[in-house]
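To keep things clear, I will list the structure first and then write my remarks on it.
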Amino acid sequence: MRISKKVLFSLRVVTQSGIYLGRIVDCVIDCDMQSILQYRVRQLLSRNELLIHRDQVVSITERQMIVEDAVAREHDKKPARKGLPKIADMPS
């Protein structure tokens, strides 16, 4: 199956048991392998992000991405993380 970037970056992400984690907002690509390594997932109006490794993905359709239940458990254990630093805040 092929999917466009526009569709990918708006997919809902849920666990196998139906827990909503957010939507895909970005991805990390391995240029050598020409494949996606991780998906960045964020809930609406939140700066907290989840990085979901491709091995944790159970399935992807044009409507949603389903990930292992362990992703939600790992997210609950970690303290809330602030969003990524703005370019202006990064050292030169």
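Going by the structure tokens order, chains are called A, B, ..., each with residues numbered from 1, while ligands are numbered from 1 in the order shown.
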Which residues, written as a ChimeraX atom specification, have at least one atom at most 8 Å from A:Gln56, with only C-alpha atoms counted and residues fewer than 4 positions away on the same chain left out? /A:52,67-68,71
From the DSSP assignment of the backbone, select every residue of stretch 20-82 of chain A that is alpha helix (DSSP H), and format the answer as JSON, numbers by chain. {"A": [69, 70, 71, 72, 73, 74, 75, 76, 77]}
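Candidate residues A:Ser4, A:Gln43, A:Gln38, A:Ser59 were compared for distance to A:Tyr20, and the nearest is A:Gln43, using only C-alpha atoms.
Across A:Gln64, A:Ile19, A:Val13, A:Val7, the tightest approach to A:Arg40 is made by A:Val13 when counting only C-alpha atoms.
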Fewer than 5 positions away in the same chain doesn't count, so skip those; otherwise give me all residues within 10 Å of A:Phe9, counting only C-alpha atoms, as a JSON list (two decimals) with N, CA and C atoms, in the first residue's frame.
[["chain", "number", "residue", "atom", "x", "y", "z"],
["A", 4, "SER", "N", 0.19, 8.95, 0.79],
["A", 4, "SER", "CA", 0.84, 10.24, 0.59],
["A", 4, "SER", "C", 1.27, 10.85, 1.93],
["A", 23, "ARG", "N", -2.07, 12.13, 16.68],
["A", 23, "ARG", "CA", -1.96, 12.05, 15.22],
["A", 23, "ARG", "C", -0.49, 12.14, 14.83],
["A", 24, "ILE", "N", -0.15, 11.54, 13.71],
["A", 24, "ILE", "CA", 1.22, 11.63, 13.20],
["A", 24, "ILE", "C", 1.45, 13.06, 12.72],
["A", 25, "VAL", "N", 2.55, 13.65, 13.20],
["A", 25, "VAL", "CA", 2.87, 15.03, 12.81],
["A", 25, "VAL", "C", 4.19, 15.11, 12.05],
["A", 26, "ASP", "N", 5.00, 14.06, 12.13],
["A", 26, "ASP", "CA", 6.29, 14.08, 11.46],
["A", 26, "ASP", "C", 6.86, 12.66, 11.49],
["A", 27, "CYS", "N", 7.99, 12.47, 10.84],
["A", 27, "CYS", "CA", 8.63, 11.16, 10.88],
["A", 27, "CYS", "C", 10.14, 11.34, 10.76],
["A", 39, "TYR", "N", 7.93, 7.49, 13.98],
["A", 39, "TYR", "CA", 6.84, 8.42, 13.74],
["A", 39, "TYR", "C", 6.72, 9.34, 14.95],
["A", 40, "ARG", "N", 6.57, 10.63, 14.71],
["A", 40, "ARG", "CA", 6.31, 11.59, 15.79],
["A", 40, "ARG", "C", 4.80, 11.75, 15.90],
["A", 41, "VAL", "N", 4.29, 11.54, 17.11],
["A", 41, "VAL", "CA", 2.85, 11.58, 17.35],
["A", 41, "VAL", "C", 2.56, 12.62, 18.43]]
If I take atom CA of A:Asp55 and atom CA of A:Leu21, how far is one from the other in Å, to one decimal? 16.7 Å
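Across the structure, atom CA of A:Val58 and atom CA of A:Ala72 are spaced 13.6 Å apart.
Between atom CA of A:Thr61 and atom CA of A:Val14 the separation is 11.8 Å.
If you measure from each of A:Arg47, A:Ser17, A:Ile29, A:Leu11 to A:Ile60 using only C-alpha atoms, the closest one turns out to be A:Leu11.
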